[in-house]
Amino acid sequence: MRVPDTQRQPTLRSSCASAATAAEARYRIDGSGDWAQRASVIIALDEQAAGIVRRLSAHRWSGGHFLSFEAAVPANGSGGGPAGATLRTHGGSAVPLSDELSGADVVVMIATAQASAKAAAVIGDACAARGIMAAGLVVPGSGTADAVVSALRPNVMVLVILNSEGDIPEILAALRV
């Protein structure tokens with residue numbers, strides 16, 4: 001049965017608020033509160049992504065630490081055992097991946113078409129071993145993203161292929177970086 005247009009009323013925000021019972025109101029999210037920030041680590045997987053991460057680090061963030069992947073290394077130094085990695089700060093200091101993951105809530109890997117599968121695997125495995133959520137953001141540029149997507153897919157919980165790097169700040173804000 002079709003409802004005549006004269007009987008239709010838009011559902012306004014205030015209508016929804018007044019329709020809720022006190023019991024339902026307990027589950028409402030108050031958007032005006034100060035949300036807790038996460039301890040976030042943002043890692044560029046290749047040189048082009050390092051430029052993107054450097055530009056992102058210039059923005060005002062509450063809890064993000066911006067780094068670039070430098071090299072995979074054996075965790076115990078003997079060539080055996082699980083791999084670790086050396087990361088580089090934008091100030092030029094080398095830091096071990098394990099130190100950066102200590103206390104991290106989320107790791108965001110940023111990659112372009114030139115990203116290394118090894119970098120994605122090392123970081124993804126380290127995050128999985130520690131129960132840290134890992135996300136991958138791919139900015140393919142003029143290249144094809146097939147190889148980097150294949151490398152990231154098994155190593156991240158969330159994988160997003162972007163049209164431009166201009167979308168990254170909003171995604172990081174949504175992750176509460």
# chains A, B, ... in the order shown; residues from 1 in each chain; ligands from 1
$ residues_around --residues "Glu170 of chain A" --least-positions-apart "5" --cutoff "12 Å" --atoms "only C-alpha atoms" --output "ChimeraX atom specification"
/A:56,59,61,137,162,164-165,175-177
$ write_last_selection --atoms "C-alpha atoms" --output "CSV table (one decimal), in the first residue's frame"
chain,number,residue,atom,x,y,z
A,56,LEU,CA,51.6,13.5,6.4
A,59,HIS,CA,50.0,17.6,9.8
A,61,TRP,CA,48.3,14.4,14.8
A,137,LEU,CA,46.8,2.0,2.3
A,162,LEU,CA,43.2,5.0,-3.0
A,164,SER,CA,45.1,9.8,-4.4
A,165,GLU,CA,47.2,10.5,-1.3
A,175,LEU,CA,41.6,5.6,12.9
A,176,ARG,CA,42.3,8.3,15.6
A,177,VAL,CA,45.9,8.7,14.7
$ residues_around --residues "segment 141-146 of chain A" --least-positions-apart "6" --cutoff "9 Å" --atoms "only C-alpha atoms" --output "list in words"
Thr112, Ala113, Gln114, Ile161, Asn163, Ser164 and Glu165 of chain A
$ write_last_selection --atoms "C-alpha atoms" --output "tab-separated table (two decimals), in the first residue's frame"
chain	number	residue	atom	x	y	z
A	112	THR	CA	52.85	2.66	-3.75
A	113	ALA	CA	53.27	0.32	-6.74
A	114	GLN	CA	57.01	0.00	-5.88
A	161	ILE	CA	43.35	1.19	-2.58
A	163	ASN	CA	42.85	7.23	-5.95
A	164	SER	CA	45.14	9.84	-4.41
A	165	GLU	CA	47.21	10.48	-1.33
$ select_by_dssp --residues "segment 38-145 of chain A" --states "helix (DSSP H, G or I)" --output "MDAnalysis selection string"
chainID A and resid 47:57 97:101 117:130
$ atom_distance --atom1 "atom CA of Gly84 of chain A" --atom2 "atom CA of Val139 of chain A"
24.9 Å
$ residues_around --residues "Arg153 of chain A" --least-positions-apart "3" --cutoff "10 Å" --atoms "only C-alpha atoms" --output "mmCIF file with C-alpha atoms, in the first residue's frame"
data_model
loop_
_atom_site.group_PDB
_atom_site.id
_atom_site.type_symbol
_atom_site.label_atom_id
_atom_site.label_comp_id
_atom_site.auth_asym_id
_atom_site.auth_seq_id
_atom_site.Cartn_x
_atom_site.Cartn_y
_atom_site.Cartn_z
ATOM 1 C CA ALA A 120 54.733 -5.971 4.123
ATOM 2 C CA ALA A 121 55.321 -9.537 5.300
ATOM 3 C CA GLY A 124 52.412 -7.819 9.072
ATOM 4 C CA ALA A 135 46.006 -1.674 7.862
ATOM 5 C CA GLY A 136 47.357 -1.095 4.381
ATOM 6 C CA VAL A 148 51.565 -4.543 -3.788
ATOM 7 C CA VAL A 149 47.954 -5.549 -3.137
ATOM 8 C CA SER A 150 48.971 -9.216 -3.350
ATOM 9 C CA VAL A 156 46.726 -6.614 6.979
ATOM 10 C CA MET A 157 43.213 -6.665 8.399
ATOM 11 C CA VAL A 158 42.126 -3.667 6.339
ATOM 12 C CA LEU A 159 43.331 -2.912 2.809
ATOM 13 C CA VAL A 160 42.292 0.224 0.933
#
$ residues_around --residues "Leu87 of chain A" --least-positions-apart "3" --cutoff "10 Å" --atoms "only C-alpha atoms" --output "PyMOL selection string"
chain A and resi 43-45+66-72+84+90+92-100
$ write_last_selection --atoms "N, CA and C atoms" --output "JSON list (two decimals), in the first residue's frame"
[["chain", "number", "residue", "atom", "x", "y", "z"],
["A", 43, "ILE", "N", 53.88, 3.51, 8.67],
["A", 43, "ILE", "CA", 55.15, 3.10, 8.07],
["A", 43, "ILE", "C", 55.05, 3.12, 6.56],
["A", 44, "ALA", "N", 55.96, 3.86, 5.93],
["A", 44, "ALA", "CA", 56.08, 3.85, 4.46],
["A", 44, "ALA", "C", 56.85, 2.60, 4.06],
["A", 45, "LEU", "N", 56.36, 1.90, 3.03],
["A", 45, "LEU", "CA", 57.01, 0.66, 2.61],
["A", 45, "LEU", "C", 58.00, 0.86, 1.47],
["A", 66, "PHE", "N", 55.50, 8.51, 12.62],
["A", 66, "PHE", "CA", 55.68, 8.31, 11.17],
["A", 66, "PHE", "C", 57.10, 7.84, 10.86],
["A", 67, "LEU", "N", 57.21, 6.72, 10.14],
["A", 67, "LEU", "CA", 58.50, 6.09, 9.88],
["A", 67, "LEU", "C", 58.55, 5.55, 8.45],
["A", 68, "SER", "N", 59.74, 5.13, 8.05],
["A", 68, "SER", "CA", 59.93, 4.48, 6.75],
["A", 68, "SER", "C", 60.64, 3.15, 6.95],
["A", 69, "PHE", "N", 60.22, 2.14, 6.19],
["A", 69, "PHE", "CA", 60.87, 0.84, 6.24],
["A", 69, "PHE", "C", 62.23, 0.97, 5.58],
["A", 70, "GLU", "N", 63.26, 0.44, 6.25],
["A", 70, "GLU", "CA", 64.59, 0.50, 5.67],
["A", 70, "GLU", "C", 65.08, -0.87, 5.23],
["A", 71, "ALA", "N", 65.04, -1.85, 6.13],
["A", 71, "ALA", "CA", 65.55, -3.18, 5.77],
["A", 71, "ALA", "C", 64.99, -4.23, 6.70],
["A", 72, "ALA", "N", 64.83, -5.44, 6.16],
["A", 72, "ALA", "CA", 64.47, -6.59, 6.98],
["A", 72, "ALA", "C", 65.74, -7.16, 7.58],
["A", 84, "GLY", "N", 62.91, -9.35, 11.72],
["A", 84, "GLY", "CA", 62.57, -8.06, 12.27],
["A", 84, "GLY", "C", 62.81, -7.04, 11.18],
["A", 90, "HIS", "N", 61.98, 10.30, 10.38],
["A", 90, "HIS", "CA", 62.21, 11.35, 9.40],
["A", 90, "HIS", "C", 63.35, 12.27, 9.81],
["A", 92, "GLY", "N", 66.13, 10.83, 10.59],
["A", 92, "GLY", "CA", 67.28, 10.05, 10.14],
["A", 92, "GLY", "C", 67.73, 8.95, 11.08],
["A", 93, "SER", "N", 67.13, 8.83, 12.25],
["A", 93, "SER", "CA", 67.54, 7.80, 13.21],
["A", 93, "SER", "C", 66.99, 6.44, 12.82],
["A", 94, "ALA", "N", 67.80, 5.42, 13.01],
["A", 94, "ALA", "CA", 67.36, 4.04, 12.78],
["A", 94, "ALA", "C", 66.76, 3.50, 14.07],
["A", 95, "VAL", "N", 65.61, 2.83, 13.96],
["A", 95, "VAL", "CA", 64.95, 2.24, 15.12],
["A", 95, "VAL", "C", 64.46, 0.83, 14.75],
["A", 96, "PRO", "N", 64.53, -0.11, 15.69],
["A", 96, "PRO", "CA", 64.03, -1.45, 15.41],
["A", 96, "PRO", "C", 62.50, -1.46, 15.38],
["A", 97, "LEU", "N", 61.96, -2.27, 14.49],
["A", 97, "LEU", "CA", 60.50, -2.43, 14.40],
["A", 97, "LEU", "C", 59.92, -2.85, 15.74],
["A", 98, "SER", "N", 60.59, -3.75, 16.43],
["A", 98, "SER", "CA", 60.07, -4.26, 17.71],
["A", 98, "SER", "C", 59.88, -3.13, 18.72],
["A", 99, "ASP", "N", 60.79, -2.15, 18.74],
["A", 99, "ASP", "CA", 60.65, -1.02, 19.66],
["A", 99, "ASP", "C", 59.43, -0.18, 19.30],
["A", 100, "GLU", "N", 59.19, 0.02, 18.02],
["A", 100, "GLU", "CA", 58.06, 0.84, 17.58],
["A", 100, "GLU", "C", 56.73, 0.15, 17.85]]
$ residues_around --residues "Val107 of chain A" --least-positions-apart "6" --cutoff "6 Å" --atoms "only C-alpha atoms" --output "count of residues only"
4
